[in-house]
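Coordinates as given in entry27.cif (mmCIF, C-alpha atoms; chains and numbers go by the auth columns):
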data_coords
#
loop_
_atom_site.group_PDB
_atom_site.id
_atom_site.type_symbol
_atom_site.label_atom_id
_atom_site.label_comp_id
_atom_site.label_asym_id
_atom_site.label_seq_id
_atom_site.Cartn_x
_atom_site.Cartn_y
_atom_site.Cartn_z
_atom_site.B_iso_or_equiv
_atom_site.auth_seq_id
_atom_site.auth_asym_id
ATOM 1 C CA MET A 1 0.000 0.000 0.000 0.00 1 A
ATOM 2 C CA SER A 2 1.344 3.432 -0.953 0.00 2 A
ATOM 3 C CA ASP A 3 1.792 6.321 1.475 0.00 3 A
ATOM 4 C CA GLU A 4 -1.134 8.118 -0.164 0.00 4 A
ATOM 5 C CA GLU A 5 -3.425 5.082 0.173 0.00 5 A
ATOM 6 C CA GLU A 6 -2.498 4.743 3.846 0.00 6 A
ATOM 7 C CA PHE A 7 -3.216 8.441 4.343 0.00 7 A
ATOM 8 C CA LEU A 8 -6.648 8.146 2.737 0.00 8 A
ATOM 9 C CA GLU A 9 -7.562 5.120 4.851 0.00 9 A
ATOM 10 C CA LYS A 10 -7.037 7.148 8.031 0.00 10 A
ATOM 11 C CA LEU A 11 -9.418 9.944 7.049 0.00 11 A
ATOM 12 C CA PRO A 12 -12.696 10.074 9.015 0.00 12 A
ATOM 13 C CA THR A 13 -15.523 9.420 6.557 0.00 13 A
ATOM 14 C CA GLU A 14 -18.021 11.697 8.302 0.00 14 A
ATOM 15 C CA LEU A 15 -15.979 14.887 7.811 0.00 15 A
ATOM 16 C CA ILE A 16 -15.619 17.050 4.717 0.00 16 A
ATOM 17 C CA PHE A 17 -12.082 16.683 3.391 0.00 17 A
ATOM 18 C CA ARG A 18 -10.938 17.978 0.016 0.00 18 A
ATOM 19 C CA LEU A 19 -8.970 15.677 -2.249 0.00 19 A
ATOM 20 C CA PRO A 20 -7.633 16.128 -5.784 0.00 20 A
ATOM 21 C CA PRO A 21 -10.512 15.868 -8.277 0.00 21 A
ATOM 22 C CA THR A 22 -10.797 13.257 -10.996 0.00 22 A
ATOM 23 C CA PHE A 23 -12.226 13.885 -14.450 0.00 23 A
ATOM 24 C CA ASP A 24 -14.223 11.974 -17.029 0.00 24 A
ATOM 25 C CA ASP A 25 -13.909 14.724 -19.618 0.00 25 A
ATOM 26 C CA VAL A 26 -10.475 15.784 -20.891 0.00 26 A
ATOM 27 C CA ALA A 27 -11.655 19.346 -21.589 0.00 27 A
ATOM 28 C CA ASP A 28 -12.667 19.738 -17.947 0.00 28 A
ATOM 29 C CA GLU A 29 -9.321 18.382 -16.810 0.00 29 A
ATOM 30 C CA ARG A 30 -7.462 20.742 -19.138 0.00 30 A
ATOM 31 C CA ARG A 31 -9.411 23.737 -17.850 0.00 31 A
ATOM 32 C CA HIS A 32 -8.702 22.643 -14.260 0.00 32 A
ATOM 33 C CA ARG A 33 -4.961 22.381 -14.871 0.00 33 A
ATOM 34 C CA LYS A 34 -4.872 25.773 -16.574 0.00 34 A
ATOM 35 C CA GLU A 35 -6.749 27.399 -13.684 0.00 35 A
ATOM 36 C CA ARG A 36 -4.419 25.853 -11.119 0.00 36 A
ATOM 37 C CA LEU A 37 -1.404 26.881 -13.189 0.00 37 A
ATOM 38 C CA THR A 38 -2.584 30.477 -13.410 0.00 38 A
ATOM 39 C CA ALA A 39 -3.296 30.599 -9.676 0.00 39 A
ATOM 40 C CA ALA A 40 0.176 29.224 -8.940 0.00 40 A
ATOM 41 C CA LEU A 41 1.767 31.911 -11.101 0.00 41 A
ATOM 42 C CA ARG A 42 -0.228 34.604 -9.292 0.00 42 A
ATOM 43 C CA ILE A 43 0.943 33.197 -5.940 0.00 43 A
ATOM 44 C CA PHE A 44 4.561 33.221 -7.135 0.00 44 A
ATOM 45 C CA GLY A 45 4.086 36.853 -8.118 0.00 45 A
ATOM 46 C CA LYS A 46 2.569 37.681 -4.748 0.00 46 A
ATOM 47 C CA PHE A 47 5.482 36.010 -2.947 0.00 47 A
ATOM 48 C CA GLY A 48 8.075 37.920 -4.960 0.00 48 A
ATOM 49 C CA PHE A 49 9.499 34.999 -6.895 0.00 49 A
ATOM 50 C CA GLU A 50 9.831 37.069 -10.092 0.00 50 A
ATOM 51 C CA GLU A 51 13.170 38.283 -11.391 0.00 51 A
ATOM 52 C CA GLY A 52 12.535 40.123 -14.630 0.00 52 A
ATOM 53 C CA VAL A 53 11.450 37.623 -17.278 0.00 53 A
ATOM 54 C CA ALA A 54 12.936 34.614 -15.474 0.00 54 A
ATOM 55 C CA GLY A 55 10.761 31.869 -14.023 0.00 55 A
ATOM 56 C CA HIS A 56 8.149 29.466 -15.314 0.00 56 A
ATOM 57 C CA ILE A 57 5.643 26.854 -14.234 0.00 57 A
ATOM 58 C CA THR A 58 4.442 24.200 -16.653 0.00 58 A
ATOM 59 C CA ALA A 59 1.493 21.815 -16.671 0.00 59 A
ATOM 60 C CA ARG A 60 1.373 18.820 -18.975 0.00 60 A
ATOM 61 C CA ASP A 61 -1.680 18.747 -21.254 0.00 61 A
ATOM 62 C CA PRO A 62 -3.912 15.814 -20.237 0.00 62 A
ATOM 63 C CA GLU A 63 -4.571 14.787 -23.853 0.00 63 A
ATOM 64 C CA ARG A 64 -1.480 15.778 -25.798 0.00 64 A
ATOM 65 C CA THR A 65 0.920 14.563 -23.155 0.00 65 A
ATOM 66 C CA ASP A 66 4.051 15.716 -25.009 0.00 66 A
ATOM 67 C CA HIS A 67 2.708 19.300 -24.886 0.00 67 A
ATOM 68 C CA PHE A 68 2.672 21.593 -21.869 0.00 68 A
ATOM 69 C CA TRP A 69 0.954 24.810 -20.807 0.00 69 A
ATOM 70 C CA VAL A 70 3.230 27.578 -19.567 0.00 70 A
ATOM 71 C CA ASN A 71 3.262 31.281 -18.767 0.00 71 A
ATOM 72 C CA PRO A 72 4.125 33.550 -21.721 0.00 72 A
ATOM 73 C CA PHE A 73 7.567 35.099 -22.036 0.00 73 A
ATOM 74 C CA GLY A 74 7.820 38.607 -20.597 0.00 74 A
ATOM 75 C CA MET A 75 4.460 38.721 -18.783 0.00 75 A
ATOM 76 C CA SER A 76 4.341 39.427 -15.061 0.00 76 A
ATOM 77 C CA PHE A 77 3.252 36.527 -12.875 0.00 77 A
ATOM 78 C CA LYS A 78 0.959 38.995 -11.132 0.00 78 A
ATOM 79 C CA HIS A 79 -1.094 39.694 -14.267 0.00 79 A
ATOM 80 C CA ILE A 80 -1.427 36.304 -15.957 0.00 80 A
ATOM 81 C CA ARG A 81 -4.924 35.037 -16.718 0.00 81 A
ATOM 82 C CA VAL A 82 -6.040 31.622 -17.911 0.00 82 A
ATOM 83 C CA SER A 83 -6.539 33.061 -21.397 0.00 83 A
ATOM 84 C CA ASP A 84 -2.880 34.201 -21.486 0.00 84 A
ATOM 85 C CA LEU A 85 -1.374 30.731 -21.082 0.00 85 A
ATOM 86 C CA ILE A 86 0.338 29.191 -24.097 0.00 86 A
ATOM 87 C CA LEU A 87 0.554 25.559 -25.198 0.00 87 A
ATOM 88 C CA VAL A 88 3.983 24.423 -26.397 0.00 88 A
ATOM 89 C CA ASN A 89 4.691 21.218 -28.304 0.00 89 A
ATOM 90 C CA HIS A 90 7.700 18.891 -28.107 0.00 90 A
ATOM 91 C CA GLU A 91 9.532 20.988 -30.698 0.00 91 A
ATOM 92 C CA GLY A 92 9.160 24.222 -28.745 0.00 92 A
ATOM 93 C CA LYS A 93 6.486 25.701 -31.005 0.00 93 A
ATOM 94 C CA VAL A 94 3.531 27.599 -29.591 0.00 94 A
ATOM 95 C CA VAL A 95 0.460 25.751 -30.883 0.00 95 A
ATOM 96 C CA GLU A 96 -2.121 27.641 -28.810 0.00 96 A
ATOM 97 C CA GLY A 97 -1.875 31.180 -27.490 0.00 97 A
ATOM 98 C CA ARG A 98 -0.802 34.636 -28.611 0.00 98 A
ATOM 99 C CA TYR A 99 2.606 35.000 -26.981 0.00 99 A
ATOM 100 C CA PRO A 100 6.119 33.533 -27.353 0.00 100 A
ATOM 101 C CA VAL A 101 7.637 30.931 -25.043 0.00 101 A
ATOM 102 C CA ASN A 102 10.637 31.556 -22.826 0.00 102 A
ATOM 103 C CA GLU A 103 13.480 29.643 -24.505 0.00 103 A
ATOM 104 C CA ALA A 104 14.880 28.511 -21.164 0.00 104 A
ATOM 105 C CA ALA A 105 11.445 27.297 -20.098 0.00 105 A
ATOM 106 C CA PHE A 106 11.307 24.987 -23.089 0.00 106 A
ATOM 107 C CA ALA A 107 14.902 23.800 -22.757 0.00 107 A
ATOM 108 C CA ILE A 108 14.454 22.823 -19.105 0.00 108 A
ATOM 109 C CA HIS A 109 10.825 21.804 -18.779 0.00 109 A
ATOM 110 C CA SER A 110 10.543 19.827 -22.009 0.00 110 A
ATOM 111 C CA GLN A 111 13.350 17.556 -20.853 0.00 111 A
ATOM 112 C CA VAL A 112 11.965 17.206 -17.319 0.00 112 A
ATOM 113 C CA HIS A 113 8.521 16.273 -18.646 0.00 113 A
ATOM 114 C CA GLN A 114 10.062 13.853 -21.132 0.00 114 A
ATOM 115 C CA ALA A 115 12.244 12.156 -18.516 0.00 115 A
ATOM 116 C CA ARG A 116 9.469 11.978 -15.924 0.00 116 A
ATOM 117 C CA PRO A 117 6.129 10.768 -17.365 0.00 117 A
ATOM 118 C CA ASP A 118 4.739 10.771 -13.799 0.00 118 A
ATOM 119 C CA VAL A 119 5.222 14.535 -13.543 0.00 119 A
ATOM 120 C CA VAL A 120 2.243 16.739 -14.393 0.00 120 A
ATOM 121 C CA ALA A 121 3.813 20.048 -13.390 0.00 121 A
ATOM 122 C CA ALA A 122 7.232 21.613 -12.900 0.00 122 A
ATOM 123 C CA ALA A 123 8.095 24.932 -11.255 0.00 123 A
ATOM 124 C CA HIS A 124 11.276 26.974 -11.561 0.00 124 A
ATOM 125 C CA SER A 125 11.994 30.547 -10.589 0.00 125 A
ATOM 126 C CA HIS A 126 14.808 32.723 -9.317 0.00 126 A
ATOM 127 C CA SER A 127 13.620 33.127 -5.738 0.00 127 A
ATOM 128 C CA THR A 128 15.980 34.941 -3.383 0.00 128 A
ATOM 129 C CA HIS A 129 16.801 32.258 -0.817 0.00 129 A
ATOM 130 C CA GLY A 130 16.854 29.472 -3.371 0.00 130 A
ATOM 131 C CA ARG A 131 19.481 31.399 -5.281 0.00 131 A
ATOM 132 C CA ALA A 132 21.477 31.985 -2.096 0.00 132 A
ATOM 133 C CA ILE A 133 21.585 28.266 -1.279 0.00 133 A
ATOM 134 C CA SER A 134 22.391 27.473 -4.908 0.00 134 A
ATOM 135 C CA ALA A 135 25.341 29.871 -4.786 0.00 135 A
ATOM 136 C CA LEU A 136 26.756 27.787 -1.931 0.00 136 A
ATOM 137 C CA GLY A 137 26.364 24.587 -3.924 0.00 137 A
ATOM 138 C CA GLN A 138 24.628 23.049 -0.919 0.00 138 A
ATOM 139 C CA LYS A 139 21.663 20.746 -0.469 0.00 139 A
ATOM 140 C CA LEU A 140 19.054 21.161 2.238 0.00 140 A
ATOM 141 C CA GLU A 141 19.784 19.613 5.617 0.00 141 A
ATOM 142 C CA PRO A 142 17.216 17.953 7.944 0.00 142 A
ATOM 143 C CA ILE A 143 17.067 20.725 10.521 0.00 143 A
ATOM 144 C CA THR A 144 13.286 21.324 10.691 0.00 144 A
ATOM 145 C CA GLN A 145 10.153 19.264 10.301 0.00 145 A
ATOM 146 C CA ASP A 146 9.124 20.990 7.074 0.00 146 A
ATOM 147 C CA VAL A 147 12.418 20.489 5.269 0.00 147 A
ATOM 148 C CA CYS A 148 12.200 16.745 5.889 0.00 148 A
ATOM 149 C CA ALA A 149 9.782 16.645 2.936 0.00 149 A
ATOM 150 C CA PHE A 150 12.995 16.908 0.880 0.00 150 A
ATOM 151 C CA TYR A 151 15.096 14.500 2.940 0.00 151 A
ATOM 152 C CA GLU A 152 16.964 12.260 0.508 0.00 152 A
ATOM 153 C CA ASP A 153 14.450 13.503 -2.056 0.00 153 A
ATOM 154 C CA HIS A 154 16.210 16.330 -3.875 0.00 154 A
ATOM 155 C CA GLY A 155 19.205 16.538 -6.135 0.00 155 A
ATOM 156 C CA LEU A 156 21.955 19.038 -6.890 0.00 156 A
ATOM 157 C CA PHE A 157 22.857 20.061 -10.433 0.00 157 A
ATOM 158 C CA ASP A 158 26.459 20.887 -9.630 0.00 158 A
ATOM 159 C CA ASP A 159 27.324 22.962 -12.670 0.00 159 A
ATOM 160 C CA TYR A 160 26.614 26.331 -14.252 0.00 160 A
ATOM 161 C CA THR A 161 27.195 27.198 -17.907 0.00 161 A
ATOM 162 C CA GLY A 162 24.990 30.245 -18.444 0.00 162 A
ATOM 163 C CA VAL A 163 21.339 30.726 -19.339 0.00 163 A
ATOM 164 C CA VAL A 164 19.850 27.346 -20.229 0.00 164 A
ATOM 165 C CA THR A 165 18.932 27.395 -23.924 0.00 165 A
ATOM 166 C CA ASP A 166 20.368 24.026 -24.965 0.00 166 A
ATOM 167 C CA LEU A 167 18.267 20.853 -24.794 0.00 167 A
ATOM 168 C CA GLU A 168 21.343 18.887 -23.723 0.00 168 A
ATOM 169 C CA GLU A 169 21.620 21.129 -20.664 0.00 169 A
ATOM 170 C CA GLY A 170 17.950 20.481 -19.964 0.00 170 A
ATOM 171 C CA LYS A 171 18.633 16.740 -20.150 0.00 171 A
ATOM 172 C CA ARG A 172 21.444 17.079 -17.620 0.00 172 A
ATOM 173 C CA ILE A 173 19.150 18.975 -15.268 0.00 173 A
ATOM 174 C CA ALA A 174 16.509 16.262 -15.655 0.00 174 A
ATOM 175 C CA ALA A 175 19.175 13.659 -14.861 0.00 175 A
ATOM 176 C CA ALA A 176 20.179 15.547 -11.697 0.00 176 A
ATOM 177 C CA LEU A 177 16.522 15.666 -10.672 0.00 177 A
ATOM 178 C CA GLY A 178 16.272 11.914 -11.171 0.00 178 A
ATOM 179 C CA GLY A 179 13.277 10.446 -9.373 0.00 179 A
ATOM 180 C CA HIS A 180 13.181 13.221 -6.767 0.00 180 A
ATOM 181 C CA LYS A 181 10.654 16.012 -6.228 0.00 181 A
ATOM 182 C CA ALA A 182 13.215 18.819 -6.490 0.00 182 A
ATOM 183 C CA VAL A 183 16.681 19.824 -7.612 0.00 183 A
ATOM 184 C CA ILE A 184 18.903 22.738 -6.657 0.00 184 A
ATOM 185 C CA LEU A 185 20.551 24.272 -9.729 0.00 185 A
ATOM 186 C CA ARG A 186 23.944 25.590 -8.660 0.00 186 A
ATOM 187 C CA ASN A 187 24.322 29.373 -9.070 0.00 187 A
ATOM 188 C CA HIS A 188 20.792 29.441 -10.482 0.00 188 A
ATOM 189 C CA GLY A 189 17.861 28.478 -8.254 0.00 189 A
ATOM 190 C CA LEU A 190 15.316 25.775 -7.492 0.00 190 A
ATOM 191 C CA LEU A 191 13.172 23.440 -9.573 0.00 191 A
ATOM 192 C CA THR A 192 10.347 21.289 -8.206 0.00 192 A
ATOM 193 C CA VAL A 193 7.917 18.800 -9.730 0.00 193 A
ATOM 194 C CA GLY A 194 4.659 17.121 -8.761 0.00 194 A
ATOM 195 C CA ASP A 195 1.806 14.954 -9.963 0.00 195 A
ATOM 196 C CA THR A 196 -0.414 18.051 -9.787 0.00 196 A
ATOM 197 C CA VAL A 197 0.228 21.750 -10.303 0.00 197 A
ATOM 198 C CA ASP A 198 -0.679 22.240 -6.650 0.00 198 A
ATOM 199 C CA ALA A 199 1.977 19.819 -5.410 0.00 199 A
ATOM 200 C CA ALA A 200 4.735 21.232 -7.642 0.00 200 A
ATOM 201 C CA ALA A 201 3.894 24.784 -6.542 0.00 201 A
ATOM 202 C CA TRP A 202 3.762 23.826 -2.861 0.00 202 A
ATOM 203 C CA TRP A 203 7.121 22.055 -3.022 0.00 203 A
ATOM 204 C CA PHE A 204 8.677 25.174 -4.536 0.00 204 A
ATOM 205 C CA ILE A 205 7.159 27.482 -1.920 0.00 205 A
ATOM 206 C CA THR A 206 8.148 25.352 1.066 0.00 206 A
ATOM 207 C CA MET A 207 11.585 24.632 -0.428 0.00 207 A
ATOM 208 C CA GLU A 208 12.239 28.353 -0.808 0.00 208 A
ATOM 209 C CA ARG A 209 11.234 28.877 2.824 0.00 209 A
ATOM 210 C CA SER A 210 13.410 25.959 3.907 0.00 210 A
ATOM 211 C CA CYS A 211 16.361 27.578 2.134 0.00 211 A
ATOM 212 C CA GLN A 212 15.675 30.757 4.086 0.00 212 A
ATOM 213 C CA VAL A 213 15.520 28.868 7.390 0.00 213 A
ATOM 214 C CA GLN A 214 18.786 27.045 6.694 0.00 214 A
ATOM 215 C CA LEU A 215 20.558 30.297 5.868 0.00 215 A
ATOM 216 C CA LEU A 216 19.207 31.993 9.009 0.00 216 A
ATOM 217 C CA ALA A 217 19.953 29.078 11.295 0.00 217 A
ATOM 218 C CA LYS A 218 23.514 28.603 10.079 0.00 218 A
ATOM 219 C CA ALA A 219 24.186 32.325 10.324 0.00 219 A
ATOM 220 C CA ALA A 220 22.991 32.280 13.942 0.00 220 A
ATOM 221 C CA GLY A 221 25.055 29.332 15.159 0.00 221 A
ATOM 222 C CA GLN A 222 25.513 25.580 15.209 0.00 222 A
ATOM 223 C CA VAL A 223 22.386 23.799 13.966 0.00 223 A
ATOM 224 C CA VAL A 224 20.996 20.666 15.607 0.00 224 A
ATOM 225 C CA PRO A 225 20.068 18.211 12.853 0.00 225 A
ATOM 226 C CA ILE A 226 17.238 15.711 12.988 0.00 226 A
ATOM 227 C CA GLU A 227 18.745 12.242 13.118 0.00 227 A
ATOM 228 C CA HIS A 228 18.358 9.976 10.103 0.00 228 A
ATOM 229 C CA ASP A 229 15.577 7.649 11.273 0.00 229 A
ATOM 230 C CA ASN A 230 13.332 10.507 12.365 0.00 230 A
ATOM 231 C CA ALA A 231 14.072 12.545 9.237 0.00 231 A
ATOM 232 C CA ALA A 232 13.196 9.534 7.075 0.00 232 A
ATOM 233 C CA LEU A 233 9.988 8.926 9.045 0.00 233 A
ATOM 234 C CA THR A 234 8.992 12.572 8.704 0.00 234 A
ATOM 235 C CA HIS A 235 9.621 12.388 4.965 0.00 235 A
ATOM 236 C CA GLU A 236 7.208 9.463 4.768 0.00 236 A
ATOM 237 C CA GLN A 237 4.619 11.486 6.672 0.00 237 A
ATOM 238 C CA ILE A 238 4.816 14.795 4.798 0.00 238 A
ATOM 239 C CA GLY A 239 6.799 14.167 1.622 0.00 239 A
ATOM 240 C CA ASN A 240 4.255 12.696 -0.809 0.00 240 A
ATOM 241 C CA ASP A 241 2.409 14.683 -3.474 0.00 241 A
ATOM 242 C CA LEU A 242 -1.000 14.250 -1.854 0.00 242 A
ATOM 243 C CA VAL A 243 0.223 15.986 1.301 0.00 243 A
ATOM 244 C CA GLY A 244 1.786 18.656 -0.911 0.00 244 A
ATOM 245 C CA TRP A 245 -1.593 19.143 -2.636 0.00 245 A
ATOM 246 C CA ILE A 246 -3.378 19.435 0.719 0.00 246 A
ATOM 247 C CA ASN A 247 -0.867 21.955 2.089 0.00 247 A
ATOM 248 C CA TYR A 248 -1.355 24.122 -0.994 0.00 248 A
ATOM 249 C CA GLN A 249 -5.146 24.475 -0.753 0.00 249 A
ATOM 250 C CA PRO A 250 -5.241 27.429 1.689 0.00 250 A
ATOM 251 C CA LEU A 251 -2.971 29.380 -0.661 0.00 251 A
ATOM 252 C CA TYR A 252 -5.173 28.533 -3.639 0.00 252 A
ATOM 253 C CA ASP A 253 -8.265 29.668 -1.720 0.00 253 A
ATOM 254 C CA GLN A 254 -6.580 32.938 -0.769 0.00 254 A
ATOM 255 C CA ILE A 255 -5.400 33.885 -4.257 0.00 255 A
ATOM 256 C CA THR A 256 -8.664 32.996 -5.992 0.00 256 A
ATOM 257 C CA ARG A 257 -10.677 35.091 -3.544 0.00 257 A
ATOM 258 C CA GLU A 258 -8.277 38.011 -3.746 0.00 258 A
ATOM 259 C CA GLN A 259 -7.759 37.904 -7.524 0.00 259 A
ATOM 260 C CA PRO A 260 -10.759 36.256 -9.258 0.00 260 A
ATOM 261 C CA ASP A 261 -9.787 37.894 -12.565 0.00 261 A
ATOM 262 C CA LEU A 262 -7.152 35.166 -12.973 0.00 262 A
ATOM 263 C CA PHE A 263 -9.962 32.922 -14.294 0.00 263 A
ATOM 264 C CA ASP A 264 -10.604 35.236 -17.281 0.00 264 A
#
Kindly transcribe the structure held in the file into structure tokens.
Amino acid sequence: MSDEEEFLEKLPTELIFRLPPTFDDVADERRHRKERLTAALRIFGKFGFEEGVAGHITARDPERTDHFWVNPFGMSFKHIRVSDLILVNHEGKVVEGRYPVNEAAFAIHSQVHQARPDVVAAAHSHSTHGRAISALGQKLEPITQDVCAFYEDHGLFDDYTGVVTDLEEGKRIAAALGGHKAVILRNHGLLTVGDTVDAAAWWFITMERSCQVQLLAKAAGQVVPIEHDNAALTHEQIGNDLVGWINYQPLYDQITREQPDLFD
């Protein structure tokens, strides 16, 4: 039995508890993914994860699975609407939408989606604390409960060769990600993935915060790590994509109430 199945078995049946929806109609599923993608981009904008035109979140199309939806090049995360999203094919061509694609978004995300058929969404941006950790060439350490979601479940791409525009570089990033939920790109930033847009976005948000905590804690003094067995147990408890999806729901509720125009 998987961790997610065990989690579901423990839920009290008499209480209302939201779970990821399932779809019989592919058009409904596509619309759902696009709405969640747009909301995630708005949240990234609200949290200050923008750095000029850098940063992208992708969602695999549920029908054309070698295509993905992504934010347009040069548009602020804070302004993106569902109608602004573009659909990019496996050759990097925009097949739906009015705007161009970020070349780096295609080079990285196309290779991640190709290498990981289980991944629905991938998130990458140049967040402040993620960049700081990446500049140290370090991975996250098990020093808090929250960061244990990444315990032995994130990689390090230990190289930097400039802005990623080459598919071969994207393949190397995908290889560094491996089967994990996240990878730190040295001198660059963070990349996270999930089986839903919600999970991928949540992993990025909590990873960025975990980077901040590690930097603060190490600047203050000697950290006390969580020992291996407890870190591994905590990863089992909080590190699966269903828990990531659940953790993300309050943020989704907040942004959709504050900014309902994102659905336009």
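Atom to atom, CA of Gly137 (chain A) and CA of Ala149 (chain A) stand 19.6 Å apart.
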Please build the interface table for region 52-130 of chain A against region 235-250 of chain A with a cut-off of 12 Å, listing for each qualifying residue the nearest atom pair and the distance in Å to one decimal; count all atoms listed in the file, order rows by chain and increasing number, and write it as a tab-separated table.
residue	atom	partner	partner_atom	distance
A:Asp118	CA	A:Asp241	CA	11.3
A:Val119	CA	A:Asp241	CA	10.5
A:Val120	CA	A:Asp241	CA	11.1
A:Ala121	CA	A:Asp241	CA	11.4
* the PyMOL selection byres ((chain A and resi 205) around 12) on the file shown: which residues, as an MDAnalysis selection string? -> chainID A and resid 40:41 43:49 123:130 146:147 182 190:193 198:204 206:212 244 247:248 251
* On this file, the PyMOL selection byres ((chain A and resi 179) around 10) gives some set of residues; write that set as a PyMOL selection string. => chain A and resi 115-116+118-119+153-155+174-178+180-182+193
* Asked: Can you tell me how far CA of Leu167 (chain A) sits from CA of Ser134 (chain A), in Å to one decimal?
  -> 21.4 Å
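When you apply the PyMOL selection byres ((chain A and resi 96) around 10) to this structure, what comes back is A:Trp69, A:Asp84, A:Leu85, A:Ile86, A:Leu87, A:Val88, A:Asn89, A:Lys93, A:Val94, A:Val95, A:Gly97, A:Arg98, A:Tyr99.
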* Between A:Gln214, A:Thr256, A:Thr22, A:Asn187, single out the one closest to Leu140 (chain A), counting only C-alpha atoms. => A:Gln214
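Nearest to Gly170 (chain A) of all the residues A:Glu152, A:Glu103, A:Asp24, A:Asp229 is A:Glu103, counting all atoms listed in the file.
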* **Atomic distance CA of Val53 (chain A) - CA of Gly74 (chain A), expressed in Å with one decimal** => 5.0 Å
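Distance check against Ala231 (chain A) using all atoms listed in the file: of A:Ile133, A:Leu156, A:Leu19, A:Ile143, the minimum falls on A:Ile143.
Remark: for Leu262 (chain A), the closest of the candidate residues A:Val82, A:Val163, A:Leu37, A:Val26 is A:Val82 (distances computed over all atoms listed in the file).
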